[in-house]
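**Student:** Just dropping this structure here.
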Amino acid sequence: MNDPVISCFKDDFKRFFNLLETQIIIIPDSLWNKTLGGYPLWQQFFHTLACIELYALPDNQPSEQTFHTKEIVMLSGITNDIINKEDMLIFAQKMKKQALNFIEDMSLEKLTKKHNRTSTALKKECTNQYALIGLIRHICYHLGCCDALLRENGIKGVY
């Protein structure tokens with residue numbers, strides 16, 4: 001992957017993902033299970049990370065997410081089975097690797113090809129470009145949500 005367009009996407013992904021990891025690291029334990037928008041903060045991080053598979057998991061490859069059901073992943077329910085920060089950071093590294101593999105395998109030609117997983121999930125035709133932008137957009141959205149909780153609790157946000 002030497003294309004400047006793909007490199008730009010990769011740089012943005014790495015920047016925002018690193019900010020998300022920083023948030024996970026600096027969140028005090030007292031806020032880890034605090035509710036934000038109806039869901040505990042740890043679950044917001046988990047959702048953000050687990051959804052990387054929607055965009056980056058190769059077709060026919062099994063999920064690396066083994067913690068919770070789809071209902072919990074998609075913020076359709078709450079669980080008392082909290083994922084601790086150490087396990088969340090380990091999971092984050094797996095998702096980062098998966099996303100970078102997806103981006104590094106991308107080319108300008110592939111950007112316009114159908115992205116099967118996202119097309120199926122959203123029930124509409126989606127391209128690899130849509131998935132690539134969605135991957136970054138989704139992280140940015142939750143980065144902002146989690147930063148708001150930090151600021152509301154007197155902690156300087158990372159973004």
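Labels used: A, B, ... for chains in the order of the structure tokens, numbers from 1 for residues in each chain, and numbers from 1 for ligands as shown.
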DSSP says helix (DSSP H, G or I) for which residues of region 44-137 of chain A? Put them as a PyMOL selection string?
**Tutor:** chain A and resi 44-50+52-56+70-73+85-104+108-111+116-122+128-137
**Student:** Take the residues just selected and output them with C-alpha atoms as a PDB file, in the first residue's frame.
**Tutor:**
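again17.pdb written:
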ATOM      1  CA  GLN A  44     -18.953   2.090  25.145  1.00  0.00           C
ATOM      2  CA  PHE A  45     -15.275   1.218  24.664  1.00  0.00           C
ATOM      3  CA  PHE A  46     -16.109  -2.427  24.101  1.00  0.00           C
ATOM      4  CA  HIS A  47     -18.771  -1.555  21.508  1.00  0.00           C
ATOM      5  CA  THR A  48     -16.350   0.753  19.693  1.00  0.00           C
ATOM      6  CA  LEU A  49     -13.647  -1.897  19.556  1.00  0.00           C
ATOM      7  CA  ALA A  50     -15.899  -4.862  18.741  1.00  0.00           C
ATOM      8  CA  ILE A  52     -14.132  -2.802  14.143  1.00  0.00           C
ATOM      9  CA  GLU A  53     -14.909  -6.343  13.008  1.00  0.00           C
ATOM     10  CA  LEU A  54     -17.930  -5.088  11.068  1.00  0.00           C
ATOM     11  CA  TYR A  55     -15.548  -3.142   8.875  1.00  0.00           C
ATOM     12  CA  ALA A  56     -12.237  -4.996   9.048  1.00  0.00           C
ATOM     13  CA  LYS A  70     -24.304  -9.335  19.966  1.00  0.00           C
ATOM     14  CA  GLU A  71     -26.930  -7.649  22.163  1.00  0.00           C
ATOM     15  CA  ILE A  72     -24.234  -6.386  24.531  1.00  0.00           C
ATOM     16  CA  VAL A  73     -21.839  -5.493  21.702  1.00  0.00           C
ATOM     17  CA  LYS A  85      -9.152  -2.326  31.558  1.00  0.00           C
ATOM     18  CA  GLU A  86      -6.327  -4.823  31.130  1.00  0.00           C
ATOM     19  CA  ASP A  87      -8.500  -7.178  29.063  1.00  0.00           C
ATOM     20  CA  MET A  88      -9.951  -4.224  27.150  1.00  0.00           C
ATOM     21  CA  LEU A  89      -6.459  -3.081  26.179  1.00  0.00           C
ATOM     22  CA  ILE A  90      -5.526  -6.597  25.048  1.00  0.00           C
ATOM     23  CA  PHE A  91      -8.709  -6.715  22.960  1.00  0.00           C
ATOM     24  CA  ALA A  92      -7.884  -3.248  21.594  1.00  0.00           C
ATOM     25  CA  GLN A  93      -4.542  -4.524  20.286  1.00  0.00           C
ATOM     26  CA  LYS A  94      -6.274  -7.387  18.460  1.00  0.00           C
ATOM     27  CA  MET A  95      -8.755  -4.987  16.871  1.00  0.00           C
ATOM     28  CA  LYS A  96      -6.009  -2.528  15.944  1.00  0.00           C
ATOM     29  CA  LYS A  97      -4.092  -5.287  14.172  1.00  0.00           C
ATOM     30  CA  GLN A  98      -7.235  -6.409  12.353  1.00  0.00           C
ATOM     31  CA  ALA A  99      -8.033  -2.852  11.226  1.00  0.00           C
ATOM     32  CA  LEU A 100      -4.481  -2.164  10.070  1.00  0.00           C
ATOM     33  CA  ASN A 101      -4.464  -5.408   8.082  1.00  0.00           C
ATOM     34  CA  PHE A 102      -7.699  -4.309   6.379  1.00  0.00           C
ATOM     35  CA  ILE A 103      -6.298  -0.870   5.573  1.00  0.00           C
ATOM     36  CA  GLU A 104      -2.913  -2.166   4.416  1.00  0.00           C
ATOM     37  CA  LEU A 108      -7.713   2.408  -4.962  1.00  0.00           C
ATOM     38  CA  GLU A 109      -9.161  -0.363  -7.124  1.00  0.00           C
ATOM     39  CA  LYS A 110     -10.515  -2.233  -4.089  1.00  0.00           C
ATOM     40  CA  LEU A 111     -12.156   0.895  -2.636  1.00  0.00           C
ATOM     41  CA  ASN A 116     -19.881  -7.914   2.074  1.00  0.00           C
ATOM     42  CA  ARG A 117     -20.027  -7.714   5.867  1.00  0.00           C
ATOM     43  CA  THR A 118     -21.133  -4.067   5.986  1.00  0.00           C
ATOM     44  CA  SER A 119     -23.558  -4.563   3.092  1.00  0.00           C
ATOM     45  CA  THR A 120     -25.189  -7.466   4.927  1.00  0.00           C
ATOM     46  CA  ALA A 121     -25.315  -5.691   8.294  1.00  0.00           C
ATOM     47  CA  LEU A 122     -26.762  -2.459   6.914  1.00  0.00           C
ATOM     48  CA  ASN A 128     -14.824  -0.931   0.851  1.00  0.00           C
ATOM     49  CA  GLN A 129     -14.517   2.858   0.839  1.00  0.00           C
ATOM     50  CA  TYR A 130     -17.738   3.097   2.849  1.00  0.00           C
ATOM     51  CA  ALA A 131     -16.366   0.526   5.313  1.00  0.00           C
ATOM     52  CA  LEU A 132     -13.018   2.295   5.597  1.00  0.00           C
ATOM     53  CA  ILE A 133     -14.638   5.658   6.296  1.00  0.00           C
ATOM     54  CA  GLY A 134     -17.148   3.993   8.629  1.00  0.00           C
ATOM     55  CA  LEU A 135     -14.339   2.399  10.617  1.00  0.00           C
ATOM     56  CA  ILE A 136     -12.746   5.777  11.311  1.00  0.00           C
ATOM     57  CA  ARG A 137     -16.048   7.651  11.736  1.00  0.00           C
TER      58      ARG A 137
END
**Student:** Can you pull out every residue within 9 Å of Phe17 (chain A), counting only C-alpha atoms, but drop anything in the same chain fewer than 4 positions away, and send it as a CSV table (one decimal) with C-alpha atoms, in the first residue's frame?
**Tutor:**
chain,number,residue,atom,x,y,z
A,12,ASP,CA,-6.2,9.0,10.6
A,13,PHE,CA,-7.1,5.5,11.9
A,21,GLU,CA,-6.4,3.7,23.8
A,22,THR,CA,-5.2,6.7,25.8
A,92,ALA,CA,-7.9,-3.2,21.6
A,96,LYS,CA,-6.0,-2.5,15.9
A,136,ILE,CA,-12.7,5.8,11.3
A,139,ILE,CA,-14.2,5.5,16.4
A,140,CYS,CA,-14.3,9.3,16.2
A,143,LEU,CA,-14.0,9.1,21.2
**Student:** Just give me the gap between CA of Gly144 (chain A) and CA of Ser7 (chain A) in Å, one decimal is fine.
**Tutor:**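 Atom-to-atom, CA of Gly144 (chain A) to CA of Ser7 (chain A), that is 23.5 Å.
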**Student:** Extract, using only C-alpha atoms, all DNA, RNA and protein residues at most 10 Å from Ile155 (chain A), discarding same-chain residues fewer than 5 positions from it, and format them as a PyMOL selection string.
**Tutor:** chain A and resi 26-28+147-150
**Student:** Next, dump the selected residues to file, keeping only C-alpha atoms, as an mmCIF file, in the first residue's frame.
**Tutor:**
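So selection_24.cif came out as:
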data_model
loop_
_atom_site.group_PDB
_atom_site.id
_atom_site.type_symbol
_atom_site.label_atom_id
_atom_site.label_comp_id
_atom_site.auth_asym_id
_atom_site.auth_seq_id
_atom_site.Cartn_x
_atom_site.Cartn_y
_atom_site.Cartn_z
ATOM 1 C CA ILE A 26 -6.426 7.287 31.817
ATOM 2 C CA ILE A 27 -10.002 6.508 32.872
ATOM 3 C CA PRO A 28 -10.017 6.178 36.656
ATOM 4 C CA ASP A 147 -14.203 12.465 26.157
ATOM 5 C CA ALA A 148 -17.405 14.209 27.265
ATOM 6 C CA LEU A 149 -17.652 11.900 30.271
ATOM 7 C CA LEU A 150 -14.045 12.627 31.167
#
**Student:** CA of Trp42 (chain A) and CA of Ile24 (chain A), how far apart in Å?
**Tutor:**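 Those two atoms sit 8.3 Å apart.
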